[in-house]
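Okay, structure34.csv now, which holds CSV, C-alpha atoms:
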```csv
chain,number,residue,atom,x,y,z
U,1,MET,CA,-34.6,-26.6,48.6
U,2,GLN,CA,-34.8,-26.6,52.4
U,3,SER,CA,-35.1,-24.0,55.1
U,4,GLU,CA,-36.3,-23.4,58.7
U,5,PHE,CA,-38.6,-20.6,60.0
U,6,SER,CA,-38.5,-19.3,63.6
U,7,ILE,CA,-41.7,-18.0,64.9
U,8,SER,CA,-41.7,-16.2,68.3
U,9,THR,CA,-44.9,-16.7,70.3
U,10,ARG,CA,-46.2,-14.8,73.3
U,11,GLY,CA,-48.6,-17.4,74.7
U,12,PRO,CA,-51.7,-19.2,73.3
U,13,GLY,CA,-52.9,-18.0,69.9
U,14,LEU,CA,-52.4,-18.1,66.2
U,15,TYR,CA,-49.2,-16.6,64.8
U,16,GLU,CA,-49.2,-16.0,61.0
U,17,PHE,CA,-46.0,-16.4,59.0
U,18,THR,CA,-47.4,-16.6,55.5
U,19,SER,CA,-45.3,-13.6,54.2
U,20,ASP,CA,-42.1,-15.2,55.4
U,21,VAL,CA,-42.9,-18.5,53.5
U,22,ALA,CA,-44.1,-16.6,50.4
U,23,ARG,CA,-40.7,-14.7,50.2
U,24,TRP,CA,-38.8,-17.9,50.5
U,25,VAL,CA,-40.9,-19.8,48.0
U,26,ALA,CA,-40.6,-16.9,45.5
U,27,GLN,CA,-36.9,-17.4,45.3
U,28,ALA,CA,-37.4,-20.8,43.7
U,29,GLY,CA,-39.7,-19.3,41.0
U,30,ASP,CA,-40.8,-22.8,40.2
U,31,SER,CA,-43.8,-25.1,40.6
U,32,GLY,CA,-43.9,-28.0,43.0
U,33,LEU,CA,-44.9,-28.9,46.5
U,34,LEU,CA,-44.1,-27.2,49.8
U,35,THR,CA,-44.0,-29.2,53.0
U,36,LEU,CA,-44.0,-27.4,56.3
U,37,PHE,CA,-43.4,-29.4,59.6
U,38,VAL,CA,-43.4,-27.9,63.1
U,39,ARG,CA,-40.6,-29.4,65.2
U,40,HIS,CA,-42.5,-29.3,68.6
U,41,THR,CA,-45.1,-31.4,70.4
U,42,SER,CA,-47.1,-28.6,72.0
U,43,CYS,CA,-48.1,-26.5,69.0
U,44,SER,CA,-49.7,-27.0,65.6
U,45,LEU,CA,-49.7,-25.7,62.0
U,46,LEU,CA,-52.8,-24.4,60.4
U,47,VAL,CA,-54.0,-22.9,57.1
U,48,GLN,CA,-56.7,-20.6,58.3
U,49,GLU,CA,-58.6,-17.4,57.5
U,50,ASN,CA,-56.4,-14.3,57.8
U,51,ALA,CA,-59.0,-11.6,57.2
U,52,ASP,CA,-61.0,-11.5,60.4
U,53,PRO,CA,-59.0,-11.8,63.7
U,54,GLU,CA,-62.2,-13.0,65.4
U,55,VAL,CA,-61.8,-16.3,63.6
U,56,GLN,CA,-58.4,-16.8,65.3
U,57,LEU,CA,-59.8,-15.8,68.7
U,58,ASP,CA,-62.8,-18.1,68.3
U,59,LEU,CA,-60.5,-21.0,67.4
U,60,GLN,CA,-58.3,-20.3,70.4
U,61,ASN,CA,-61.3,-20.1,72.7
U,62,PHE,CA,-63.0,-23.2,71.3
U,63,PHE,CA,-59.9,-25.4,71.8
U,64,HIS,CA,-59.3,-23.9,75.3
U,65,ARG,CA,-62.9,-25.0,76.1
U,66,LEU,CA,-62.5,-28.4,74.5
U,67,VAL,CA,-59.2,-29.1,76.2
U,68,PRO,CA,-58.9,-27.0,79.4
U,69,PRO,CA,-55.8,-26.8,81.6
U,70,THR,CA,-55.2,-29.6,84.1
U,71,THR,CA,-56.4,-27.3,86.9
U,72,ASP,CA,-60.0,-27.8,85.5
U,73,PRO,CA,-61.8,-30.6,87.5
U,74,SER,CA,-62.7,-32.3,84.2
U,75,MET,CA,-59.0,-32.9,83.5
U,76,ARG,CA,-58.1,-34.6,86.8
U,77,PHE,CA,-57.5,-37.9,85.0
U,78,LEU,CA,-54.3,-36.5,83.4
U,79,THR,CA,-51.0,-37.6,84.9
U,80,HIS,CA,-48.4,-35.6,82.9
U,81,THR,CA,-48.8,-32.4,85.0
U,82,TYR,CA,-45.3,-31.5,86.3
U,83,GLU,CA,-44.5,-29.1,83.4
U,84,GLY,CA,-47.5,-26.9,84.3
U,85,PRO,CA,-51.3,-27.0,83.9
U,86,ASP,CA,-51.1,-26.1,80.2
U,87,ASP,CA,-48.5,-28.7,79.1
U,88,MET,CA,-50.5,-31.9,78.7
U,89,PRO,CA,-53.5,-30.0,77.2
U,90,ALA,CA,-51.0,-28.5,74.7
U,91,HIS,CA,-49.9,-32.1,73.7
U,92,ILE,CA,-53.5,-33.2,73.3
U,93,LYS,CA,-54.3,-30.2,71.1
U,94,ALA,CA,-51.2,-30.8,69.0
U,95,ALA,CA,-52.4,-34.5,68.6
U,96,MET,CA,-55.8,-33.2,67.3
U,97,MET,CA,-54.5,-30.7,64.8
U,98,PRO,CA,-51.9,-30.9,62.0
U,99,VAL,CA,-48.2,-30.6,62.7
U,100,SER,CA,-47.4,-30.6,58.9
U,101,LEU,CA,-48.9,-28.9,55.8
U,102,SER,CA,-48.5,-29.5,52.1
U,103,ILE,CA,-49.1,-26.5,49.9
U,104,PRO,CA,-48.9,-26.6,46.1
U,105,ILE,CA,-46.6,-24.0,44.5
U,106,SER,CA,-47.2,-22.6,41.0
U,107,ASN,CA,-44.6,-20.3,39.4
U,108,GLY,CA,-43.1,-19.4,42.7
U,109,GLN,CA,-46.4,-18.6,44.5
U,110,MET,CA,-48.4,-20.6,47.0
U,111,ALA,CA,-51.8,-21.8,45.8
U,112,LEU,CA,-53.5,-20.5,48.9
U,113,GLY,CA,-57.1,-19.1,48.8
U,114,THR,CA,-57.8,-15.4,49.0
U,115,TRP,CA,-58.3,-15.4,52.8
U,116,GLN,CA,-55.9,-18.2,53.7
U,117,GLY,CA,-52.8,-17.8,55.8
U,118,ILE,CA,-50.3,-20.1,57.4
U,119,TYR,CA,-50.2,-20.1,61.2
U,120,VAL,CA,-48.4,-21.7,64.1
U,121,PHE,CA,-51.1,-22.4,66.7
U,122,GLU,CA,-49.3,-22.0,70.0
U,123,HIS,CA,-50.9,-24.1,72.8
U,124,ARG,CA,-48.6,-23.2,75.7
U,125,ASN,CA,-48.9,-20.2,78.0
U,126,ALA,CA,-45.3,-19.1,78.1
U,127,PRO,CA,-43.5,-17.5,75.1
U,128,HIS,CA,-41.6,-19.9,72.8
U,129,THR,CA,-39.6,-19.8,69.7
U,130,ARG,CA,-41.2,-22.4,67.4
U,131,ARG,CA,-39.1,-23.9,64.5
U,132,VAL,CA,-40.9,-24.9,61.3
U,133,ALA,CA,-38.9,-27.0,58.8
U,134,ALA,CA,-39.6,-26.3,55.2
U,135,HIS,CA,-39.0,-28.4,52.1
U,136,PHE,CA,-39.8,-27.4,48.5
U,137,GLY,CA,-39.5,-29.9,45.7
U,138,THR,CA,-40.5,-29.9,42.1
```

Kindly present the structure from the file in structure tokens form.
Amino acid sequence: MQSEFSISTRGPGLYEFTSDVARWVAQAGDSGLLTLFVRHTSCSLLVQENADPEVQLDLQNFFHRLVPPTTDPSMRFLTHTYEGPDDMPAHIKAAMMPVSLSIPISNGQMALGTWQGIYVFEHRNAPHTRRVAAHFGT
């Protein structure tokens, strides 16, 4: 079973789409393995806490500090700058974080922990529509 999810982003941050995936997986009503793969080079996929929004904000702030825009003097060594000061840092962040996830499925339900959610972590400043390919197999 295969599908694709579209996640609209409004700039940097974590965008949860757990409920969309859960609805799709429930249709199978089976056990197996779910694979998610984001089809872009400037965002990531994460399983992260979905109870306290401060966690998501802290992650965003940490990675912004770790890999600032190319306008930051510490990033002068970067050469891929013609798509904006957030572009190459977005590629670096995507190289540091997962772009695919594997989640066990048991009786049509994801085996996520109590406070875990599935997120696209947007690294670009402009809004985007991110596409996540999904494959479920038994």

Go through region 34-78 of chain U residue by residue and, counting all atoms listed in the file, keep those with an atom at most 8 Å from region 9-19 of chain U; for each kept residue give the shortest atom pair and its distance in Å to one decimal, ordered by chain and increasing number, as a tab-separated table.
```
residue	atom	partner	partner_atom	distance
U:Gln56	CA	U:Leu14	CA	6.2
U:Leu57	CA	U:Gly13	CA	7.3
U:Gln60	CA	U:Gly13	CA	5.9
```

_Nearest residue to Val132 (chain U) from the set U:Ile7, U:Leu66, U:Ala51, U:Met96 (distances using only C-alpha atoms)_ =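 Closest to Val132 (chain U) of all the choices is U:Ile7.
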
Within-10 Å shell of (-38.2, -26.2, 50.4) in input frame, all atoms listed in the file, as an mmCIF file with C-alpha atoms, in the frame of the given file:
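Result written to part-v4.cif:
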```cif
data_model
loop_
_atom_site.group_PDB
_atom_site.id
_atom_site.type_symbol
_atom_site.label_atom_id
_atom_site.label_comp_id
_atom_site.auth_asym_id
_atom_site.auth_seq_id
_atom_site.Cartn_x
_atom_site.Cartn_y
_atom_site.Cartn_z
ATOM 1 C CA MET U 1 -34.600 -26.600 48.600
ATOM 2 C CA GLN U 2 -34.800 -26.600 52.400
ATOM 3 C CA SER U 3 -35.100 -24.000 55.100
ATOM 4 C CA GLU U 4 -36.300 -23.400 58.700
ATOM 5 C CA VAL U 21 -42.900 -18.500 53.500
ATOM 6 C CA TRP U 24 -38.800 -17.900 50.500
ATOM 7 C CA VAL U 25 -40.900 -19.800 48.000
ATOM 8 C CA ALA U 28 -37.400 -20.800 43.700
ATOM 9 C CA GLY U 32 -43.900 -28.000 43.000
ATOM 10 C CA LEU U 33 -44.900 -28.900 46.500
ATOM 11 C CA LEU U 34 -44.100 -27.200 49.800
ATOM 12 C CA THR U 35 -44.000 -29.200 53.000
ATOM 13 C CA LEU U 36 -44.000 -27.400 56.300
ATOM 14 C CA ALA U 133 -38.900 -27.000 58.800
ATOM 15 C CA ALA U 134 -39.600 -26.300 55.200
ATOM 16 C CA HIS U 135 -39.000 -28.400 52.100
ATOM 17 C CA PHE U 136 -39.800 -27.400 48.500
ATOM 18 C CA GLY U 137 -39.500 -29.900 45.700
ATOM 19 C CA THR U 138 -40.500 -29.900 42.100
#
```

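Distances to Phe63 (chain U) were evaluated for U:Glu122, U:Trp115, U:Thr79, U:Ser100 using all atoms listed in the file, and the minimum falls at U:Glu122.
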
*asked:* Excluding His123 (chain U) and its own-chain neighbours fewer than 3 positions away, which residues fall within 6 Å of it when counting all atoms listed in the file? Please give them as a list in words.
replied: Pro12, Ser42, Cys43 and Ala90 of chain U

*Rounded to one decimal place, report the CA of Ile92 (chain U)-CA of Thr41 (chain U) distance in Å.*
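That distance, rounded to one decimal, is 9.1 Å.
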
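From CA of Val47 (chain U) back to CA of Leu112 (chain U), the distance works out to 8.6 Å.
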
_Point-to-point distance from CA of Ala126 (chain U) to CA of Tyr82 (chain U), Å rounded to tenths_ = 14.9 Å

*Which residue, U:Pro98, U:His40, U:Arg124, U:Leu46, has the smallest gap to Pro68 (chain U) when you use all atoms listed in the file?*
U:Arg124

Please rebuild region 53-77 of chain U with N, CA and C atoms and return the result as a PDB file, keeping the file's coordinate frame.
```pdb
ATOM      1  N   PRO U  53     -59.700 -11.286  62.483  1.00  0.00           N
ATOM      2  CA  PRO U  53     -59.000 -11.800  63.700  1.00  0.00           C
ATOM      3  C   PRO U  53     -59.978 -12.519  64.642  1.00  0.00           C
ATOM      4  N   GLU U  54     -61.289 -12.290  64.512  1.00  0.00           N
ATOM      5  CA  GLU U  54     -62.200 -13.000  65.400  1.00  0.00           C
ATOM      6  C   GLU U  54     -62.203 -14.497  65.125  1.00  0.00           C
ATOM      7  N   VAL U  55     -61.891 -14.911  63.893  1.00  0.00           N
ATOM      8  CA  VAL U  55     -61.800 -16.300  63.600  1.00  0.00           C
ATOM      9  C   VAL U  55     -60.682 -16.962  64.440  1.00  0.00           C
ATOM     10  N   GLN U  56     -59.548 -16.313  64.506  1.00  0.00           N
ATOM     11  CA  GLN U  56     -58.400 -16.800  65.300  1.00  0.00           C
ATOM     12  C   GLN U  56     -58.758 -16.872  66.779  1.00  0.00           C
ATOM     13  N   LEU U  57     -59.409 -15.830  67.269  1.00  0.00           N
ATOM     14  CA  LEU U  57     -59.800 -15.800  68.700  1.00  0.00           C
ATOM     15  C   LEU U  57     -60.823 -16.880  68.984  1.00  0.00           C
ATOM     16  N   ASP U  58     -61.795 -17.073  68.096  1.00  0.00           N
ATOM     17  CA  ASP U  58     -62.800 -18.100  68.300  1.00  0.00           C
ATOM     18  C   ASP U  58     -62.172 -19.502  68.307  1.00  0.00           C
ATOM     19  N   LEU U  59     -61.218 -19.743  67.411  1.00  0.00           N
ATOM     20  CA  LEU U  59     -60.500 -21.000  67.400  1.00  0.00           C
ATOM     21  C   LEU U  59     -59.780 -21.257  68.718  1.00  0.00           C
ATOM     22  N   GLN U  60     -59.067 -20.237  69.160  1.00  0.00           N
ATOM     23  CA  GLN U  60     -58.300 -20.300  70.400  1.00  0.00           C
ATOM     24  C   GLN U  60     -59.284 -20.631  71.575  1.00  0.00           C
ATOM     25  N   ASN U  61     -60.387 -19.899  71.642  1.00  0.00           N
ATOM     26  CA  ASN U  61     -61.300 -20.100  72.700  1.00  0.00           C
ATOM     27  C   ASN U  61     -62.012 -21.470  72.656  1.00  0.00           C
ATOM     28  N   PHE U  62     -62.328 -21.931  71.450  1.00  0.00           N
ATOM     29  CA  PHE U  62     -63.000 -23.200  71.300  1.00  0.00           C
ATOM     30  C   PHE U  62     -62.034 -24.349  71.802  1.00  0.00           C
ATOM     31  N   PHE U  63     -60.765 -24.332  71.384  1.00  0.00           N
ATOM     32  CA  PHE U  63     -59.900 -25.400  71.800  1.00  0.00           C
ATOM     33  C   PHE U  63     -59.513 -25.295  73.286  1.00  0.00           C
ATOM     34  N   HIS U  64     -59.525 -24.086  73.848  1.00  0.00           N
ATOM     35  CA  HIS U  64     -59.300 -23.900  75.300  1.00  0.00           C
ATOM     36  C   HIS U  64     -60.498 -24.576  76.048  1.00  0.00           C
ATOM     37  N   ARG U  65     -61.685 -24.380  75.515  1.00  0.00           N
ATOM     38  CA  ARG U  65     -62.900 -25.000  76.100  1.00  0.00           C
ATOM     39  C   ARG U  65     -62.912 -26.480  75.949  1.00  0.00           C
ATOM     40  N   LEU U  66     -62.504 -26.940  74.770  1.00  0.00           N
ATOM     41  CA  LEU U  66     -62.500 -28.400  74.500  1.00  0.00           C
ATOM     42  C   LEU U  66     -61.471 -29.120  75.307  1.00  0.00           C
ATOM     43  N   VAL U  67     -60.280 -28.515  75.478  1.00  0.00           N
ATOM     44  CA  VAL U  67     -59.200 -29.100  76.200  1.00  0.00           C
ATOM     45  C   VAL U  67     -58.681 -28.089  77.238  1.00  0.00           C
ATOM     46  N   PRO U  68     -59.335 -27.973  78.394  1.00  0.00           N
ATOM     47  CA  PRO U  68     -58.900 -27.000  79.400  1.00  0.00           C
ATOM     48  C   PRO U  68     -57.628 -27.390  80.094  1.00  0.00           C
ATOM     49  N   PRO U  69     -57.047 -26.463  80.873  1.00  0.00           N
ATOM     50  CA  PRO U  69     -55.800 -26.800  81.600  1.00  0.00           C
ATOM     51  C   PRO U  69     -56.108 -27.886  82.668  1.00  0.00           C
ATOM     52  N   THR U  70     -55.040 -28.498  83.155  1.00  0.00           N
ATOM     53  CA  THR U  70     -55.200 -29.600  84.100  1.00  0.00           C
ATOM     54  C   THR U  70     -55.752 -29.112  85.463  1.00  0.00           C
ATOM     55  N   THR U  71     -55.820 -27.818  85.691  1.00  0.00           N
ATOM     56  CA  THR U  71     -56.400 -27.300  86.900  1.00  0.00           C
ATOM     57  C   THR U  71     -57.959 -27.402  86.853  1.00  0.00           C
ATOM     58  N   ASP U  72     -58.512 -27.605  85.660  1.00  0.00           N
ATOM     59  CA  ASP U  72     -60.000 -27.800  85.500  1.00  0.00           C
ATOM     60  C   ASP U  72     -60.331 -29.168  86.042  1.00  0.00           C
ATOM     61  N   PRO U  73     -61.374 -29.258  86.877  1.00  0.00           N
ATOM     62  CA  PRO U  73     -61.800 -30.600  87.500  1.00  0.00           C
ATOM     63  C   PRO U  73     -62.008 -31.648  86.417  1.00  0.00           C
ATOM     64  N   SER U  74     -62.441 -31.282  85.233  1.00  0.00           N
ATOM     65  CA  SER U  74     -62.700 -32.300  84.200  1.00  0.00           C
ATOM     66  C   SER U  74     -61.446 -32.958  83.683  1.00  0.00           C
ATOM     67  N   MET U  75     -60.270 -32.398  84.004  1.00  0.00           N
ATOM     68  CA  MET U  75     -59.000 -32.900  83.500  1.00  0.00           C
ATOM     69  C   MET U  75     -58.193 -33.645  84.583  1.00  0.00           C
ATOM     70  N   ARG U  76     -58.833 -33.968  85.698  1.00  0.00           N
ATOM     71  CA  ARG U  76     -58.100 -34.600  86.800  1.00  0.00           C
ATOM     72  C   ARG U  76     -57.499 -35.953  86.446  1.00  0.00           C
ATOM     73  N   PHE U  77     -57.988 -36.588  85.399  1.00  0.00           N
ATOM     74  CA  PHE U  77     -57.500 -37.900  85.000  1.00  0.00           C
ATOM     75  C   PHE U  77     -56.087 -37.851  84.390  1.00  0.00           C
TER      76      PHE U  77
END
```
